[in-house]
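A.B. asks: Have a look at the structure that comes next, please.
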Amino acid sequence: MNPNVQECSFEETIEAHLFANGYASLPASDYDAALALFPTSVLTFVRATQLKEWAKLEALHGANTEATVLKDLTHWLDTHGTLAVLRNGFKCYGRTLRVAYFKPAHGMNPELAAQYAANRVGVIRQLRYSQRNTNELDLVLSINGIPVFTAELKNPMTGQTVTNAIAQYQHDRDHREPLFEFKRRALVHFAVDTEQVFMTTRLAGSATHFLPFNKGLDGGAGNPPDPAGRAYRTAYLWEEVWQRDSLLDIFARFIHLQVEEKRTDDGRKIKKETMIFPRYHQLRAVRELEDAARTEGPGHNYLVEHSAGSGKSNTIGWLAHRLASLHNESDHKVFDSVIVITDRRVLDRQLQDTIYQFEHRQGVVQKIDEDSRQLAEALTNSVPIIISTLQKFPFVARQLARMAEERREGADGILPTRRCAVIIDEAHSSQSGETATDLKEVLGGHVLREEAARYAVDEGVDNLDELYRSMAKRGRQTNLSFFAFTATPKHKTLAVFGRDEAGKAGQPFHRYTMSQAIEEGFIMDVLKNYTTYATYYKLVKASEDDPNVERKQAAKALARFMRLHPYNIAQKTEVMVEHFNAVTRHKVGGKAKAMVVTGSRLEAVRYKLAFDAYIREKGYSWIKTLVAFSGEVVDDELPGKTWTEVGMNGGIKEGVLPEKFDSSEYQVLLVAEKYQTGYDQPLLHTMYVDKRLAGIQAVQTLSRLNRMHPLKEDTFVLDFVNDRQEIKEAFKQYHEGAEMGEEADPNQMYAIKAELDASGIYLLEEMQRFIGIYFKPKQRQSPADHQAMNAALDPAVDRFRAVQEEDEEQAELWRGKLSAFRNLYAFLSQVAPYQDSDLERLYTFLRFLSPKLPKRTTGQRYSFDDEVRLEYYRLQKISEGSISLRDGKAELLDGPGEVGSGARHDEDVPLSSLIDVINERFGTDFTDADQLFFDQIIEAAMEDGSLLEAAAVNPEEKFALLFAGLLETLFIERMEQNEDIFARFMNERDFQSLVSKWISGKVYARLRS
């Protein structure tokens, strides 16, 4: 065989590169298979770097010093593991000996730099690692004689690929060998060929699970070719990841041992240990963010768009630790504190555990779990890493003022200027709200005061410091850097935190797409098994009265009547329970769970009662349910009865519900606006959806299913409400990365302001009076100010009420413009700071005027329980199978625009006519059976992709001509379902014309909408 295509050539290329870049060659004779390390290398390093300790041990043990040191080292490696010993050293007769020194955060201590330079990283090929056989490992990397990485290398040109390397580890590498024992010697094992890399941190025979460690290719799995065509696709592994400084850095500040405590089914506590090694996108993202922050300093924003399942918790932990100790090229600390904003308890605990392993000391991380004073003290004391919720910041200024008073200092409530890195977990549009600007104000310190003073000079008015401070806090601040993490960015997130790259605004600093996560096997494809049902029903007027009702409000009431109708809930309950019993409960090794997503709290209550009753009736004692909703629910059908989550769950408290659902005792969780975001349950296999989902909400809700489990092979969605095309469009926006569309127009904001000013609802002097009180210096504020501010707002409230009484539609249009201005200013002021105090005045005034405006007086809520009855009902499966995201282009995420009135006054129509309009959708010109036939025709037509394009570009008349041919085909395909209708359609021209026009109109209208 040509030597250029042999596997040894691949090995030699890697080895040569490592030798040329700081690696030392380890002789095979130096390896001790019993100790599973290189004794000579270890002892040489300890003796050379710790002369005093060695001399004292030699004075005690003489010629046995080396044997004694090796004995204690192997004992500590076996007991505490390689990672702990590399980081913290080991004890030998009271002396702490180090086996590695890691790079200091700064270069101010030459001794630490010399110790770091003394490390020796080594490489050996074809290592015979066992005393029991002659097997060889292709490659082993070590740090000062302690093996840390192993690798099996394959060359596809010889017919061997990374798959063969994985199989070799699974079947030919005994995990009981000292070198391979979990955490005791080598910590990571790589399977490598010229195209792909996989890795694992635990060998377990045939059960060994390897994870991809690849860059990604065109938004999916794999690796790109070398642009110059000279290197292997996997060259980044040895050139970048295994590079000397990178290797040592990974052991210093990336790898960590994750310890989880779980309870078994019989109540016993068990400890599960997992060695966490960064995936490639995590390693790259953290290092690039660190390098950018070091170079750019504070005052910059970074958006990290990482898919669900990408390991954001670990990425945030690694980033927080590195930013907390980050120094620039001049050896100055870049940030005084790192503040992590999150609502996830698991991240709190994980951050503290992870960083303790890096630092081996307490107090580096402080979780703010008490009150705003605790947060104020942590900020004042510059705690390195602070974990808090966003909601605590509005109250911090008050606490800072109190603390200053207690110390008898100035009580202005302003924090001394701190350079802070703010890491936001799950950043969405809420970051453009007032609570987020409160955070900026608290952390702004005297930087904001200086900015406010500049505004005062520019405007020539120096008695409105608080107003100018409020303006300044909205824009970017030179002392704050924001690191925003999200899987599903909105337009606002992209605009506020994104970057401008190659003339394209709103780009994430780093991206790991949903498509790559799915292809690499880190998350499940939740759209692979997606079944939709349609509900066909007919409502009829049951009362003699035929009152006039408002169309929109009555339609909502009728829809609610239908959703809550006992027969509707009973039929869907039967479908769900029977599906769970027949299919779902056998998945995930018999441990699968399901979630029912309901449209309201009352629906959740009704479904909980229906589920439990049906389960009892059928004797399915192995199925138990839990329900999740907030507050109390009153059911009109049961006067005096209130329902709570805890009560319906038999006393299970809200805080322990996730743990209970995780146990084998409960299988189905029914939810209303809870557990639809940020909830990870790998056993969740099936989701039953009876709620309208759209956009980001659809992605976040359905993504609860995507977590991996060793026994989880697929997922399943049964949807009673949503259209497959809409679900597809929602996911496509994030499948290959979100793109920002049309930007909001600042001129629009000024146009809306002019219209609001000209309306006469408020007067300029009233606004100025309110602003003068609201932005009064804190030391001059008094209890009477609240009364005075209300008095300044009340005239505008009265004028709005007068307009409302005369023309409610006009009043609602004005309210909509008010909301539009607030949304646009809150958003645009973060993207481009406005040096226009008139905008800040109006924004502040409207923010407090808005909640005082009277609500709509019309639009009463109807209840048709006595006036309407359900004449017939049918629940029918209309589609199943995968929703593919490969075809078509995702829609762009457009910015906020002018908001409409927020209300539309529909004409009043007779109740019976409204019911006719609703039933017309289901063919009420025909018999009940005929109606179902026509509805099936319509649903089948809706699935035709070419029709969607035709409807988008053609008027209805031309669409009808294009549709006619397909319609005849649809009838022919279903001729056996209704032979009478088919015969009339084919043989009676008038009948065919009427039916064609009716169905074509329905399909066209639905496609256009």
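Order determines the names: the first chain of the structure tokens is A, the second B, and so forth; residues in each chain are numbered 1 upward, and ligands are numbered 1 upward as they are shown.
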Which residues are near range 955-969 of chain A? Cut-off 8 Å, only C-alpha atoms, ignore same chain within fewer than 6 positions. Put them as a list in words.
C.D. replies: Ile937, Ala941, Leu947, Ser996, Lys997, Ser1000, Gly1001 and Tyr1004 of chain A
A.B. asks: Write out, as a CSV table (one decimal), in the first residue's frame, the residues just selected, with N, CA and C atoms.
C.D. replies:
chain,number,residue,atom,x,y,z
A,937,ILE,N,-62.1,17.9,2.1
A,937,ILE,CA,-61.7,18.4,0.8
A,937,ILE,C,-60.8,19.7,1.0
A,941,ALA,N,-56.8,20.4,0.5
A,941,ALA,CA,-56.3,21.4,-0.4
A,941,ALA,C,-55.3,22.3,0.3
A,947,LEU,N,-50.6,25.7,-4.0
A,947,LEU,CA,-51.8,26.5,-3.8
A,947,LEU,C,-51.4,27.8,-3.0
A,996,SER,N,-67.7,24.4,-6.4
A,996,SER,CA,-66.4,24.8,-6.7
A,996,SER,C,-66.1,26.2,-6.2
A,997,LYS,N,-67.1,27.1,-6.5
A,997,LYS,CA,-67.0,28.5,-6.1
A,997,LYS,C,-66.9,28.6,-4.5
A,1000,SER,N,-63.5,27.0,-3.3
A,1000,SER,CA,-62.4,27.8,-3.7
A,1000,SER,C,-62.3,29.1,-2.9
A,1001,GLY,N,-63.4,29.7,-2.6
A,1001,GLY,CA,-63.5,30.9,-1.8
A,1001,GLY,C,-62.9,30.6,-0.4
A,1004,TYR,N,-59.1,29.9,-0.6
A,1004,TYR,CA,-58.4,31.2,-1.0
A,1004,TYR,C,-58.3,32.1,0.3
A.B. asks: Would you kindly return, as a short mmCIF file (atom, residue, chain, number, x, y, z; two decimals) with C-alpha atoms, in the first residue's frame, each protein, DNA or RNA residue with an atom no farther than 8 Å from any atom of range 163-166 of chain A, considering only C-alpha atoms and excluding same-chain residues fewer than 6 positions away?
C.D. replies:
data_model
loop_
_atom_site.label_atom_id
_atom_site.label_comp_id
_atom_site.auth_asym_id
_atom_site.auth_seq_id
_atom_site.Cartn_x
_atom_site.Cartn_y
_atom_site.Cartn_z
CA GLU A 152 -7.67 6.36 18.37
CA LEU A 153 -6.89 7.61 14.88
CA LYS A 154 -8.35 6.33 11.61
CA ALA A 191 -12.06 9.05 18.23
CA VAL A 192 -10.55 10.87 15.25
CA PHE A 210 -19.43 9.38 22.29
#
A.B. asks: Find the residues around Gly220 in chain A up to 6 Å (only C-alpha atoms counted), leave out those fewer than 2 positions away in its own chain, and share them as a ChimeraX atom specification.
C.D. replies: /A:216-218,515-516
A.B. asks: Looking only at strand (DSSP E or B) from DSSP on the backbone, list the matching residues of range 714-818 of chain A as a PyMOL selection string.
C.D. replies: chain A and resi 716-719+740
A.B. asks: Save the residues we just selected, N, CA and C atoms, as an mmCIF file, in the first residue's frame?
C.D. replies:
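File produced: out09.cif:
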data_model
loop_
_atom_site.group_PDB
_atom_site.id
_atom_site.type_symbol
_atom_site.label_atom_id
_atom_site.label_comp_id
_atom_site.auth_asym_id
_atom_site.auth_seq_id
_atom_site.Cartn_x
_atom_site.Cartn_y
_atom_site.Cartn_z
ATOM 1 N N PHE A 716 -43.039 12.799 20.265
ATOM 2 C CA PHE A 716 -44.327 12.796 19.572
ATOM 3 C C PHE A 716 -45.137 14.015 20.002
ATOM 4 N N VAL A 717 -45.749 14.685 19.022
ATOM 5 C CA VAL A 717 -46.651 15.812 19.295
ATOM 6 C C VAL A 717 -48.013 15.505 18.689
ATOM 7 N N LEU A 718 -49.042 15.669 19.499
ATOM 8 C CA LEU A 718 -50.419 15.552 19.016
ATOM 9 C C LEU A 718 -51.071 16.921 19.235
ATOM 10 N N ASP A 719 -51.393 17.589 18.145
ATOM 11 C CA ASP A 719 -51.847 18.981 18.186
ATOM 12 C C ASP A 719 -53.303 19.074 17.741
ATOM 13 N N MET A 740 -32.214 39.334 11.462
ATOM 14 C CA MET A 740 -32.963 40.554 11.729
ATOM 15 C C MET A 740 -33.486 41.145 10.431
#
